[in-house]
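Student: Input structure: model33.txt, which contains compact mmCIF, C-alpha atoms and all ligand atoms.
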```txt
# COMPACT_ATOMS: atom_id res chain seq x y z
CA MET O 1 0.00 0.00 0.00
CA PRO O 2 1.32 3.48 -0.76
CA ARG O 3 2.05 5.76 2.17
CA SER O 4 -0.65 8.34 2.63
CA ALA O 5 -0.23 12.11 2.75
CA PRO O 6 0.98 13.47 6.11
CA PRO O 7 -1.83 14.28 8.54
CA SER O 8 -3.06 17.89 8.73
CA ASP O 9 -2.71 20.08 11.84
CA ASP O 10 -6.44 20.24 12.56
CA PRO O 11 -7.65 17.94 15.34
CA VAL O 12 -9.64 15.01 13.99
CA ILE O 13 -11.89 15.01 17.06
CA GLU O 14 -12.89 18.03 19.15
CA VAL O 15 -15.42 17.68 21.94
CA ARG O 16 -16.48 20.47 24.30
CA ASP O 17 -18.80 20.12 27.29
CA LEU O 18 -20.43 16.94 25.99
CA ARG O 19 -23.37 15.84 28.11
CA MET O 20 -25.55 12.76 27.92
CA THR O 21 -28.57 11.95 30.03
CA TYR O 22 -30.49 8.67 29.89
CA GLY O 23 -33.87 9.29 31.57
CA THR O 24 -32.89 11.06 34.75
CA THR O 25 -29.36 9.67 34.88
CA GLU O 26 -26.62 12.01 33.73
CA VAL O 27 -23.88 9.73 32.35
CA LEU O 28 -21.65 12.38 30.73
CA THR O 29 -21.50 15.61 32.71
CA GLY O 30 -19.14 17.71 30.57
CA VAL O 31 -16.60 15.78 28.53
CA ASP O 32 -13.83 17.77 26.84
CA LEU O 33 -11.42 15.93 24.60
CA THR O 34 -9.28 16.38 21.53
CA VAL O 35 -7.62 13.84 19.26
CA ASP O 36 -4.96 15.10 16.87
CA ALA O 37 -4.35 13.70 13.41
CA GLY O 38 -2.24 10.54 13.50
CA GLU O 39 -2.65 9.99 17.26
CA VAL O 40 -3.58 6.70 18.93
CA VAL O 41 -5.68 7.65 21.95
CA CYS O 42 -7.03 5.19 24.45
CA LEU O 43 -10.18 5.91 26.45
CA LEU O 44 -10.18 4.12 29.80
CA GLY O 45 -12.77 4.09 32.54
CA PRO O 46 -14.71 1.85 34.89
CA ASN O 47 -17.73 -0.17 33.71
CA GLY O 48 -20.63 2.14 33.01
CA ALA O 49 -18.47 5.28 32.88
CA GLY O 50 -19.83 6.17 29.44
CA LYS O 51 -17.03 5.12 27.06
CA THR O 52 -19.34 3.38 24.57
CA THR O 53 -21.82 6.24 24.83
CA THR O 54 -19.04 8.72 24.00
CA ILE O 55 -17.75 6.65 21.08
CA GLU O 56 -21.24 6.15 19.66
CA ILE O 57 -21.86 9.90 19.77
CA LEU O 58 -18.57 10.49 17.93
CA GLU O 59 -19.54 7.85 15.35
CA GLY O 60 -22.87 9.61 14.79
CA PHE O 61 -24.89 6.62 16.04
CA ARG O 62 -26.21 8.41 19.13
CA LEU O 63 -27.42 11.97 19.69
CA PRO O 64 -25.93 13.80 22.68
CA SER O 65 -28.07 15.73 25.15
CA ALA O 66 -25.79 18.79 24.84
CA GLY O 67 -22.30 19.88 23.85
CA GLU O 68 -20.19 20.55 20.80
CA VAL O 69 -18.80 17.63 18.77
CA ARG O 70 -16.64 17.91 15.65
CA VAL O 71 -15.25 14.80 13.98
CA LEU O 72 -13.17 15.32 10.84
CA GLY O 73 -14.51 18.88 10.87
CA GLU O 74 -18.20 17.91 10.88
CA ASP O 75 -20.99 17.28 13.35
CA PRO O 76 -21.37 13.46 13.24
CA ALA O 77 -25.11 13.71 13.89
CA HIS O 78 -25.62 15.45 10.53
CA ALA O 79 -22.67 14.26 8.43
CA GLY O 80 -23.26 12.56 5.08
CA ASP O 81 -21.92 9.51 3.24
CA ALA O 82 -18.64 11.17 2.21
CA TRP O 83 -17.84 11.78 5.88
CA ARG O 84 -18.86 8.24 6.82
CA ALA O 85 -16.52 6.82 4.17
CA ARG O 86 -13.59 8.49 5.96
CA VAL O 87 -14.49 6.96 9.34
CA GLY O 88 -13.92 3.32 10.30
CA VAL O 89 -16.01 1.63 12.95
CA VAL O 90 -15.40 -1.83 14.33
CA LEU O 91 -18.75 -3.18 15.47
CA GLN O 92 -19.33 -6.20 17.67
CA SER O 93 -19.12 -9.59 15.96
CA TRP O 94 -20.30 -9.77 12.36
CA ARG O 95 -23.27 -12.19 12.18
CA ASP O 96 -24.90 -11.39 8.82
CA HIS O 97 -24.14 -13.20 5.55
CA ALA O 98 -23.29 -16.47 7.34
CA ARG O 99 -23.04 -18.30 3.99
CA TRP O 100 -20.72 -15.76 2.42
CA THR O 101 -16.96 -15.97 2.66
CA PRO O 102 -14.88 -13.18 4.24
CA ARG O 103 -13.31 -12.50 0.83
CA ARG O 104 -16.70 -11.99 -0.83
CA LEU O 105 -18.00 -9.82 1.99
CA LEU O 106 -14.92 -7.59 1.95
CA ASP O 107 -15.07 -7.36 -1.86
CA GLN O 108 -18.68 -6.27 -1.65
CA LEU O 109 -18.24 -3.76 1.18
CA GLY O 110 -15.03 -2.41 -0.36
CA GLY O 111 -16.94 -1.59 -3.54
CA TYR O 112 -19.03 0.99 -1.67
CA TYR O 113 -15.89 2.96 -0.81
CA ALA O 114 -14.38 3.13 -4.29
CA ALA O 115 -16.33 6.30 -5.15
CA TYR O 116 -14.80 8.05 -2.13
CA GLY O 117 -11.17 7.34 -3.01
CA THR O 118 -8.81 10.20 -3.84
CA PRO O 119 -5.42 10.17 -5.58
CA GLU O 120 -3.74 10.65 -2.16
CA ARG O 121 -5.91 8.07 -0.47
CA PRO O 122 -7.20 5.43 -2.88
CA ARG O 123 -10.07 3.38 -1.49
CA PRO O 124 -10.73 0.59 -0.59
CA TYR O 125 -7.77 -1.47 0.59
CA ALA O 126 -6.90 -4.42 -1.64
CA VAL O 127 -8.81 -7.37 -0.19
CA ASP O 128 -5.88 -9.83 -0.37
CA TRP O 129 -3.61 -7.40 1.45
CA LEU O 130 -6.22 -6.77 4.12
CA LEU O 131 -6.94 -10.48 4.64
CA GLU O 132 -3.21 -10.97 5.16
CA VAL O 133 -2.70 -8.12 7.65
CA VAL O 134 -5.68 -9.06 9.81
CA GLY O 135 -4.48 -12.68 9.86
CA MET O 136 -7.43 -14.06 7.90
CA ALA O 137 -5.74 -15.34 4.76
CA GLU O 138 -6.31 -18.98 5.72
CA PHE O 139 -10.02 -18.39 6.53
CA ALA O 140 -10.65 -16.14 3.52
CA ASP O 141 -12.70 -18.71 1.63
CA ARG O 142 -14.54 -20.36 4.51
CA LYS O 143 -18.18 -19.61 5.20
CA ILE O 144 -18.53 -16.82 7.77
CA GLY O 145 -21.02 -18.92 9.75
CA THR O 146 -18.30 -21.50 10.45
CA LEU O 147 -15.73 -19.06 11.88
CA SER O 148 -14.77 -19.10 15.56
CA GLY O 149 -15.41 -16.08 17.80
CA GLY O 150 -11.83 -14.85 17.50
CA GLN O 151 -11.77 -15.38 13.71
CA ARG O 152 -15.02 -13.43 13.43
CA ARG O 153 -13.55 -10.63 15.51
CA ARG O 154 -10.68 -10.40 13.01
CA LEU O 155 -13.31 -10.12 10.30
CA ASP O 156 -14.96 -7.29 12.30
CA VAL O 157 -11.65 -5.45 12.24
CA ALA O 158 -11.27 -6.04 8.49
CA VAL O 159 -14.81 -4.78 7.87
CA GLY O 160 -14.05 -1.70 9.97
CA ILE O 161 -10.97 -0.74 7.97
CA ILE O 162 -11.73 -1.96 4.42
CA GLY O 163 -12.59 1.63 3.40
CA ARG O 164 -9.11 2.85 4.42
CA PRO O 165 -10.41 5.20 7.10
CA GLU O 166 -8.61 8.34 8.22
CA LEU O 167 -10.12 7.92 11.67
CA LEU O 168 -10.82 4.55 13.26
CA PHE O 169 -13.00 3.84 16.32
CA LEU O 170 -12.34 0.61 18.18
CA ASP O 171 -14.58 -0.28 21.13
CA GLU O 172 -12.91 -3.10 23.10
CA PRO O 173 -11.41 -4.54 19.92
CA THR O 174 -9.47 -7.41 21.46
CA ALA O 175 -12.17 -8.82 23.76
CA GLY O 176 -12.12 -12.56 23.05
CA PHE O 177 -8.76 -12.58 21.27
CA ASP O 178 -6.16 -15.21 22.15
CA PRO O 179 -2.64 -13.91 22.91
CA GLN O 180 -1.44 -14.40 19.32
CA ALA O 181 -4.48 -12.63 17.84
CA ARG O 182 -3.97 -9.82 20.36
CA ARG O 183 -0.31 -9.43 19.38
CA ASP O 184 -1.25 -9.47 15.65
CA PHE O 185 -3.88 -6.84 16.34
CA HIS O 186 -1.37 -4.61 18.14
CA ASP O 187 0.96 -4.90 15.14
CA LEU O 188 -1.93 -3.90 12.89
CA VAL O 189 -2.70 -0.80 15.00
CA HIS O 190 0.96 0.24 14.83
CA ARG O 191 0.98 -0.35 11.10
CA LEU O 192 -2.18 1.71 10.52
CA SER O 193 -0.87 4.48 12.70
CA ASP O 194 2.76 4.55 11.52
CA LEU O 195 2.37 3.77 7.82
CA GLU O 196 -1.12 4.98 7.04
CA GLY O 197 -1.34 7.96 9.40
CA THR O 198 -4.69 6.63 10.67
CA SER O 199 -5.96 8.38 13.80
CA ILE O 200 -7.34 5.86 16.26
CA LEU O 201 -9.59 6.16 19.31
CA LEU O 202 -10.01 2.94 21.22
CA THR O 203 -11.50 1.72 24.47
CA THR O 204 -10.16 -1.21 26.42
CA HIS O 205 -10.10 -2.60 29.94
CA ASP O 206 -6.68 -4.12 29.27
CA LEU O 207 -4.24 -1.60 30.73
CA ASP O 208 -1.26 -3.45 29.35
CA GLU O 209 -2.79 -3.04 25.89
CA ALA O 210 -3.43 0.65 26.52
CA GLU O 211 0.19 1.16 27.57
CA LYS O 212 1.47 -0.65 24.46
CA LEU O 213 -0.74 1.15 21.95
CA ALA O 214 -1.59 4.61 23.18
CA ASP O 215 0.27 7.82 22.46
CA ARG O 216 -2.12 9.35 24.95
CA ILE O 217 -4.53 8.03 27.55
CA LEU O 218 -7.81 9.60 28.62
CA ILE O 219 -9.52 8.41 31.78
CA LEU O 220 -13.30 8.86 31.86
CA ALA O 221 -14.78 8.76 35.36
CA ASP O 222 -17.61 10.48 37.12
CA GLY O 223 -18.97 11.73 33.79
CA ARG O 224 -15.89 13.61 32.61
CA ILE O 225 -12.25 13.23 31.59
CA VAL O 226 -10.24 13.13 34.83
CA ALA O 227 -6.81 12.46 33.33
CA ASP O 228 -5.20 13.10 29.97
CA GLY O 229 -1.58 12.34 29.11
CA SER O 230 0.98 9.78 28.01
CA PRO O 231 1.26 6.72 30.29
CA ASP O 232 4.53 8.13 31.70
CA ALA O 233 3.11 11.61 32.25
CA LEU O 234 0.12 10.15 34.10
CA ALA O 235 2.38 8.04 36.31
CA ARG O 236 4.33 11.15 37.31
CA GLN O 237 1.10 12.80 38.52
CA VAL O 238 0.56 10.08 41.12
CA ALA O 239 2.60 10.42 44.30
CA GLY O 240 4.99 7.68 45.44
CA THR O 241 5.27 6.16 42.02
CA SER O 242 8.05 3.65 42.53
CA GLU O 243 8.49 0.74 44.87
CA VAL O 244 11.91 -0.28 46.20
CA ARG O 245 12.30 -3.73 47.75
CA TRP O 246 15.48 -4.79 49.47
CA ALA O 247 16.83 -7.37 51.86
CA CYS O 248 19.38 -6.98 54.64
CA GLY O 249 20.44 -10.39 55.90
CA ARG O 250 17.16 -12.28 56.46
CA GLU O 251 14.95 -9.16 56.79
CA ARG O 252 12.99 -7.93 53.74
CA TYR O 253 11.70 -4.38 53.27
CA VAL O 254 9.47 -2.40 50.88
CA HIS O 255 9.29 1.38 50.50
CA GLY O 256 7.38 3.68 48.15
CA THR O 257 9.23 6.71 46.82
CA ASP O 258 9.13 9.23 44.00
CA ASP O 259 12.92 9.68 44.06
CA VAL O 260 14.35 6.22 43.53
CA VAL O 261 17.94 7.29 42.93
CA ALA O 262 18.21 9.29 46.17
CA PHE O 263 16.51 6.53 48.14
CA VAL O 264 18.75 3.75 46.78
CA ARG O 265 21.85 5.89 47.31
CA GLY O 266 20.77 6.30 50.97
CA LEU O 267 20.27 2.54 51.27
CA PHE O 268 23.82 1.86 50.07
CA GLU O 269 25.24 4.50 52.40
CA GLN O 270 23.38 3.03 55.34
CA HIS O 271 23.70 -0.71 54.67
CA GLY O 272 26.49 -1.10 52.11
CA ASP O 273 27.59 -4.75 51.90
CA GLU O 274 24.74 -5.90 54.15
CA LEU O 275 22.28 -5.49 51.24
CA THR O 276 21.54 -8.94 49.85
CA ASP O 277 18.76 -8.12 47.38
CA LEU O 278 17.44 -4.98 45.65
CA GLU O 279 14.54 -4.50 43.27
CA VAL O 280 12.88 -1.36 41.88
CA ARG O 281 9.38 -1.41 40.42
CA HIS O 282 7.95 1.69 38.78
CA ALA O 283 4.24 2.38 39.13
CA SER O 284 2.33 0.56 36.44
CA LEU O 285 -0.45 2.13 34.43
CA GLU O 286 -2.75 0.03 36.60
CA ASP O 287 -1.50 1.75 39.78
CA THR O 288 -1.94 5.13 38.11
CA TYR O 289 -5.37 4.32 36.72
CA LEU O 290 -6.72 3.03 40.04
CA ALA O 291 -5.37 6.06 41.92
CA MET O 292 -6.88 8.49 39.39
CA VAL O 293 -10.30 6.80 39.38
CA GLN O 294 -10.28 6.65 43.19
CA ARG O 295 -9.39 10.34 43.34
CA SER O 296 -12.25 11.27 41.00
CA GLU O 297 -14.75 9.15 42.94
CA THR O 298 -13.84 10.49 46.38
CA GLY O 299 -12.83 13.98 45.31
CA ALA O 300 -9.71 13.47 47.45
CA PRO O 301 -6.10 13.78 46.32
CA ALA O 302 -4.70 10.49 45.03
CA ALA O 303 -3.41 8.41 47.89
CA PRO O 304 0.23 7.39 47.51
CA ALA O 305 0.13 4.27 45.37
CA LEU O 306 2.52 2.50 47.69
CA VAL O 307 2.87 2.64 51.45
CA GLU O 308 5.91 2.00 53.53
CA VAL O 309 5.97 -1.41 55.14
CA THR O 310 8.66 -3.60 56.53
CA ARG O 311 9.09 -7.36 56.21
N1 LIG O 401 -29.71 3.18 25.75
C1 LIG O 401 -29.50 3.38 27.07
N2 LIG O 401 -30.53 3.68 27.87
C2 LIG O 401 -30.35 3.89 29.21
N3 LIG O 401 -29.16 3.81 29.82
C3 LIG O 401 -28.10 3.52 29.06
C4 LIG O 401 -28.20 3.28 27.64
N4 LIG O 401 -26.98 3.00 27.16
C5 LIG O 401 -26.13 3.06 28.21
N5 LIG O 401 -26.80 3.36 29.35
C6 LIG O 401 -26.22 3.54 30.70
O1 LIG O 401 -25.23 4.56 30.60
C7 LIG O 401 -24.11 4.23 31.40
C8 LIG O 401 -22.85 4.24 30.51
O2 LIG O 401 -22.90 3.13 29.63
P1 LIG O 401 -21.74 2.84 28.57
O3 LIG O 401 -22.09 1.57 27.87
O4 LIG O 401 -21.52 4.05 27.74
O5 LIG O 401 -20.49 2.63 29.56
P2 LIG O 401 -19.06 2.01 29.29
O6 LIG O 401 -18.09 2.92 29.93
O7 LIG O 401 -18.88 1.73 27.84
O8 LIG O 401 -19.17 0.65 30.12
P3 LIG O 401 -18.41 -0.78 29.95
O9 LIG O 401 -16.99 -0.57 30.37
O10 LIG O 401 -19.17 -1.63 30.96
O11 LIG O 401 -18.60 -1.24 28.54
C9 LIG O 401 -24.41 2.90 32.06
O12 LIG O 401 -24.89 3.14 33.36
C10 LIG O 401 -25.47 2.31 31.17
O13 LIG O 401 -26.31 1.48 31.92
```
Spell out the structure here as structure tokens.
Tutor:
Amino acid sequence: MPRSAPPSDDPVIEVRDLRMTYGTTEVLTGVDLTVDAGEVVCLLGPNGAGKTTTIEILEGFRLPSAGEVRVLGEDPAHAGDAWRARVGVVLQSWRDHARWTPRRLLDQLGGYYAAYGTPERPRPYAVDWLLEVVGMAEFADRKIGTLSGGQRRRLDVAVGIIGRPELLFLDEPTAGFDPQARRDFHDLVHRLSDLEGTSILLTTHDLDEAEKLADRILILADGRIVADGSPDALARQVAGTSEVRWACGRERYVHGTDDVVAFVRGLFEQHGDELTDLEVRHASLEDTYLAMVQRSETGAPAAPALVEVTR
């Protein structure tokens, strides 16, 4: 596939004060977020926080109660077919056309996008290439109805990107994937982002996946975005971000610190040759995430992720 033109400077997604109420329940209470062209942004949040609601509003499948939403420069609620051809959506498990083969389905769907191709961004992707990159080449000519859950999920991804989208929405894309399929999928996201310049907004509950894929992480809790930054930048916002474990003779110790070098230097000065073991663990995205969500729920400053204990 040819490399696409470099992304423009305009944000691909701009959301201001987005609100969503179901009945009397206010699920989104003022979401502000921006996604720049070419970014991979991961939206995290507890169950029921409103991630799917937010994504569906951005996809134009759900009308918000209030707020300003621009996706690729348009309001998704009123955008037309040309806009939709530029946006990729991976929906939950493809169940239609059980007697068709993945190749035929992708051929058919790809045909709809041809009219929206441009010299810089020809559409759709070549079906053989796509079948290969989503790891479906060996199932390409099987009936869709006979595919396993994980194989079908790969087909969902292929269906979502056949039109060579500039912006791709992925709502829990790897749920049900085995470790190999998950790794293949991560490679695909990197490929789309690095080689195609595709902007990607995804949700996941797998923090390891978020850390691997995201340029930037957004945490949605209590109806709004409570944290926004790279995994490293978020970790630095949480106090006591590293854990030092050491042993002196038969005694073992643990201490949380945000200045590992100074602390370890002090340990050597104090114990020198008596140290028999030393291990440093930096706060994981999970530590950071849990501290941030806890802070938003209680309104209190994030508790140090690690507490000092001995033995
Ligand atoms: N059509 C609807 N009618 C009424 N309430 C809804 C509707 N859709 C979602 N909700 C409620 O809105 C809240 C947010 O749901 P949403 O699916 O957006 O959360 P989520 O963050 O994607 O959750 P999860 O991580 O569990 O997938 C939940 O309390 C849910 O019950």
Student: Between atom O7 of ligand LIG 401 (chain O) and CA of Val133 in chain O, what is the spacing in Å?
Tutor: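 Between CA of Val133 in chain O and atom O7 of ligand LIG 401 (chain O) the gap works out to 27.7 Å.
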Student: Using all atoms listed in the file, which residues have at least one atom no more than 12 Å from ligand LIG 401 (chain O)? Output them as a PDB file with C-alpha atoms, keeping the file's coordinate frame.
Tutor:
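After the write, part-v5.pdb holds the following:
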```
ATOM      1  CA  ARG O  19     -23.370  15.840  28.110  1.00  0.00           C
ATOM      2  CA  MET O  20     -25.550  12.760  27.920  1.00  0.00           C
ATOM      3  CA  THR O  21     -28.570  11.950  30.030  1.00  0.00           C
ATOM      4  CA  TYR O  22     -30.490   8.670  29.890  1.00  0.00           C
ATOM      5  CA  GLY O  23     -33.870   9.290  31.570  1.00  0.00           C
ATOM      6  CA  THR O  24     -32.890  11.060  34.750  1.00  0.00           C
ATOM      7  CA  THR O  25     -29.360   9.670  34.880  1.00  0.00           C
ATOM      8  CA  GLU O  26     -26.620  12.010  33.730  1.00  0.00           C
ATOM      9  CA  VAL O  27     -23.880   9.730  32.350  1.00  0.00           C
ATOM     10  CA  LEU O  28     -21.650  12.380  30.730  1.00  0.00           C
ATOM     11  CA  THR O  29     -21.500  15.610  32.710  1.00  0.00           C
ATOM     12  CA  LEU O  43     -10.180   5.910  26.450  1.00  0.00           C
ATOM     13  CA  LEU O  44     -10.180   4.120  29.800  1.00  0.00           C
ATOM     14  CA  GLY O  45     -12.770   4.090  32.540  1.00  0.00           C
ATOM     15  CA  PRO O  46     -14.710   1.850  34.890  1.00  0.00           C
ATOM     16  CA  ASN O  47     -17.730  -0.170  33.710  1.00  0.00           C
ATOM     17  CA  GLY O  48     -20.630   2.140  33.010  1.00  0.00           C
ATOM     18  CA  ALA O  49     -18.470   5.280  32.880  1.00  0.00           C
ATOM     19  CA  GLY O  50     -19.830   6.170  29.440  1.00  0.00           C
ATOM     20  CA  LYS O  51     -17.030   5.120  27.060  1.00  0.00           C
ATOM     21  CA  THR O  52     -19.340   3.380  24.570  1.00  0.00           C
ATOM     22  CA  THR O  53     -21.820   6.240  24.830  1.00  0.00           C
ATOM     23  CA  THR O  54     -19.040   8.720  24.000  1.00  0.00           C
ATOM     24  CA  ILE O  55     -17.750   6.650  21.080  1.00  0.00           C
ATOM     25  CA  GLU O  56     -21.240   6.150  19.660  1.00  0.00           C
ATOM     26  CA  ILE O  57     -21.860   9.900  19.770  1.00  0.00           C
ATOM     27  CA  PHE O  61     -24.890   6.620  16.040  1.00  0.00           C
ATOM     28  CA  ARG O  62     -26.210   8.410  19.130  1.00  0.00           C
ATOM     29  CA  LEU O  63     -27.420  11.970  19.690  1.00  0.00           C
ATOM     30  CA  PRO O  64     -25.930  13.800  22.680  1.00  0.00           C
ATOM     31  CA  GLN O  92     -19.330  -6.200  17.670  1.00  0.00           C
ATOM     32  CA  LEU O 170     -12.340   0.610  18.180  1.00  0.00           C
ATOM     33  CA  ASP O 171     -14.580  -0.280  21.130  1.00  0.00           C
ATOM     34  CA  GLU O 172     -12.910  -3.100  23.100  1.00  0.00           C
ATOM     35  CA  PRO O 173     -11.410  -4.540  19.920  1.00  0.00           C
ATOM     36  CA  ALA O 175     -12.170  -8.820  23.760  1.00  0.00           C
ATOM     37  CA  LEU O 202     -10.010   2.940  21.220  1.00  0.00           C
ATOM     38  CA  THR O 203     -11.500   1.720  24.470  1.00  0.00           C
ATOM     39  CA  THR O 204     -10.160  -1.210  26.420  1.00  0.00           C
ATOM     40  CA  HIS O 205     -10.100  -2.600  29.940  1.00  0.00           C
ATOM     41  CA  ASP O 206      -6.680  -4.120  29.270  1.00  0.00           C
ATOM     42  CA  ILE O 219      -9.520   8.410  31.780  1.00  0.00           C
ATOM     43  CA  LEU O 220     -13.300   8.860  31.860  1.00  0.00           C
ATOM     44  CA  ALA O 221     -14.780   8.760  35.360  1.00  0.00           C
ATOM     45  CA  ASP O 222     -17.610  10.480  37.120  1.00  0.00           C
ATOM     46  CA  GLY O 223     -18.970  11.730  33.790  1.00  0.00           C
ATOM     47  CA  ARG O 224     -15.890  13.610  32.610  1.00  0.00           C
ATOM     48  CA  ILE O 225     -12.250  13.230  31.590  1.00  0.00           C
TER      49      ILE O 225
END
```
Student: Please give the centre and size of the box around range 120-124 of chain O (axis-aligned, containing every atom listed in the file, 4 Å added per side), with values in Å to one decimal and written as lines of an AutoDock Vina configuration file.
Tutor:
```
center_x = -7.2
center_y = 5.6
center_z = -1.7
size_x = 15.0
size_y = 18.1
size_z = 10.4
```
Student: Which is closest to Gln237 in chain O among O:Gln294, O:Ser199, O:Thr101, O:Thr288, if we use all atoms listed in the file?
Tutor: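 Using all atoms listed in the file, the shortest distance to Gln237 in chain O belongs to O:Thr288.
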Student: Got a sec: who's within 9 Å of Tyr125 in chain O, counting only C-alpha atoms, leaving out chain neighbours fewer than 3 positions off, as a list in words?
Tutor: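 Residues near the query, excluding close chain neighbours: Met1, Gly110, Pro122, Asp128, Trp129, Leu130, Ile161, Ile162, Gly163 and Arg164 of chain O.
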Student: What is the CA of Thr257 in chain O-CA of Ser242 in chain O distance in Å, reported with one decimal?
Tutor: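 So the two atoms, CA of Thr257 in chain O and CA of Ser242 in chain O, lie 5.4 Å apart.
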Student: Against range 34-42 of chain O, which residues of range 122-240 of chain O fall within 12 Å? For each one I want the closest pair of atoms and the distance in Å (one decimal), counting only C-alpha atoms, rows by chain and increasing residue number, as a Markdown table.
Tutor:
```
| residue | atom | partner | partner_atom | distance |
| --- | --- | --- | --- | --- |
| O:Pro165 | CA | O:Gly38 | CA | 11.7 |
| O:Glu166 | CA | O:Gly38 | CA | 8.6 |
| O:Leu167 | CA | O:Ala37 | CA | 8.4 |
| O:Leu168 | CA | O:Val40 | CA | 9.4 |
| O:Phe169 | CA | O:Val41 | CA | 10.0 |
| O:Leu170 | CA | O:Cys42 | CA | 9.4 |
| O:Asp171 | CA | O:Cys42 | CA | 9.9 |
| O:Glu172 | CA | O:Cys42 | CA | 10.3 |
| O:Pro173 | CA | O:Cys42 | CA | 11.6 |
| O:His186 | CA | O:Val40 | CA | 11.6 |
| O:Val189 | CA | O:Val40 | CA | 8.5 |
| O:His190 | CA | O:Val40 | CA | 8.9 |
| O:Arg191 | CA | O:Val40 | CA | 11.5 |
| O:Leu192 | CA | O:Gly38 | CA | 9.3 |
| O:Ser193 | CA | O:Gly38 | CA | 6.3 |
| O:Asp194 | CA | O:Gly38 | CA | 8.0 |
| O:Leu195 | CA | O:Gly38 | CA | 10.0 |
| O:Glu196 | CA | O:Gly38 | CA | 8.6 |
| O:Gly197 | CA | O:Gly38 | CA | 4.9 |
| O:Thr198 | CA | O:Gly38 | CA | 5.4 |
| O:Ser199 | CA | O:Gly38 | CA | 4.3 |
| O:Ile200 | CA | O:Val40 | CA | 4.7 |
| O:Leu201 | CA | O:Val41 | CA | 4.9 |
| O:Leu202 | CA | O:Cys42 | CA | 4.9 |
| O:Thr203 | CA | O:Cys42 | CA | 5.7 |
| O:Thr204 | CA | O:Cys42 | CA | 7.4 |
| O:His205 | CA | O:Cys42 | CA | 10.0 |
| O:Asp206 | CA | O:Cys42 | CA | 10.5 |
| O:Leu207 | CA | O:Cys42 | CA | 9.7 |
| O:Asp208 | CA | O:Cys42 | CA | 11.5 |
| O:Glu209 | CA | O:Cys42 | CA | 9.4 |
| O:Ala210 | CA | O:Cys42 | CA | 6.2 |
| O:Glu211 | CA | O:Cys42 | CA | 8.8 |
| O:Lys212 | CA | O:Cys42 | CA | 10.3 |
| O:Leu213 | CA | O:Val40 | CA | 6.9 |
| O:Ala214 | CA | O:Val40 | CA | 5.1 |
| O:Asp215 | CA | O:Val40 | CA | 5.3 |
| O:Arg216 | CA | O:Val41 | CA | 5.0 |
| O:Ile217 | CA | O:Cys42 | CA | 4.9 |
| O:Leu218 | CA | O:Cys42 | CA | 6.1 |
| O:Ile219 | CA | O:Cys42 | CA | 8.4 |
| O:Leu220 | CA | O:Cys42 | CA | 10.4 |
| O:Ile225 | CA | O:Thr34 | CA | 11.0 |
| O:Ala227 | CA | O:Cys42 | CA | 11.5 |
| O:Asp228 | CA | O:Val41 | CA | 9.7 |
| O:Gly229 | CA | O:Val41 | CA | 9.5 |
| O:Ser230 | CA | O:Val41 | CA | 9.3 |
| O:Pro231 | CA | O:Cys42 | CA | 10.3 |
```
Student: What gap, in Å, lies between CA of Gly60 in chain O and CA of Asp107 in chain O?
Tutor: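 Going from CA of Gly60 in chain O over to CA of Asp107 in chain O covers 25.0 Å.
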Student: Which one of O:Glu251, O:Glu274, O:Asp232, O:Asp17 sits closest to Tyr289 in chain O if you count only C-alpha atoms?
Tutor: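 Of the candidates, the smallest distance to Tyr289 in chain O is held by O:Asp232.
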Student: Please determine the residues with any atom at most 8 Å from (-20.9, 19.9, 19.9) (coordinates as given in the file, with all atoms listed in the file counting) and report them as a list in words.
Tutor: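 I get Val15, Arg16, Asp17, Leu18, Ala66, Gly67, Glu68, Val69, Arg70 and Asp75 of chain O for the residues within 8 Å of that point.
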Student: Which is closest to Gly73 in chain O among O:Leu58, O:Val12, O:Leu267, O:Cys248, if we use only C-alpha atoms?
Tutor: O:Val12
Student: Near Ala85 in chain O, within 8 Å and counting all atoms listed in the file, which residues show up once chain neighbours fewer than 2 positions away are dropped, as a JSON list (two decimals) with C-alpha atoms, in the frame of the given file?
Tutor:
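Output (out03.json):
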```json
[["chain", "number", "residue", "atom", "x", "y", "z"],
["O", 81, "ASP", "CA", -21.92, 9.51, 3.24],
["O", 82, "ALA", "CA", -18.64, 11.17, 2.21],
["O", 83, "TRP", "CA", -17.84, 11.78, 5.88],
["O", 87, "VAL", "CA", -14.49, 6.96, 9.34],
["O", 88, "GLY", "CA", -13.92, 3.32, 10.30],
["O", 113, "TYR", "CA", -15.89, 2.96, -0.81],
["O", 116, "TYR", "CA", -14.80, 8.05, -2.13],
["O", 163, "GLY", "CA", -12.59, 1.63, 3.40],
["O", 165, "PRO", "CA", -10.41, 5.20, 7.10]]
```
Student: Counting all atoms listed in the file, which of O:Val31, O:Ala158, O:Leu106, O:Ala115 gets nearest to Phe185 in chain O?
Tutor: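 Looking only at the distances to Phe185 in chain O, the closest residue turns out to be O:Ala158.
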Student: Point out the residue among O:Val127, O:Ala79, O:Leu91, O:Ala233 with the least atom-to-atom distance to Ala140 in chain O, counting only C-alpha atoms.
Tutor: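 Result for the nearest residue to Ala140 in chain O: O:Val127.
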Student: Considering all atoms listed in the file, can you say which of O:Arg236, O:Val244, O:Arg99, O:Arg142 comes closest to Val260 in chain O?
Tutor: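 Closest residue, counting all atoms listed in the file: O:Val244.
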Student: Once you've located range 149-157 of chain O in the structure I gave, write it as a short mmCIF file (atom, residue, chain, number, x, y, z; two decimals), in the first residue's frame, keeping C-alpha atoms.
Tutor:
```
data_model
loop_
_atom_site.label_atom_id
_atom_site.label_comp_id
_atom_site.auth_asym_id
_atom_site.auth_seq_id
_atom_site.Cartn_x
_atom_site.Cartn_y
_atom_site.Cartn_z
CA GLY O 149 -15.41 -16.08 17.80
CA GLY O 150 -11.83 -14.85 17.50
CA GLN O 151 -11.77 -15.38 13.71
CA ARG O 152 -15.02 -13.43 13.43
CA ARG O 153 -13.55 -10.63 15.51
CA ARG O 154 -10.68 -10.40 13.01
CA LEU O 155 -13.31 -10.12 10.30
CA ASP O 156 -14.96 -7.29 12.30
CA VAL O 157 -11.65 -5.45 12.24
#
```
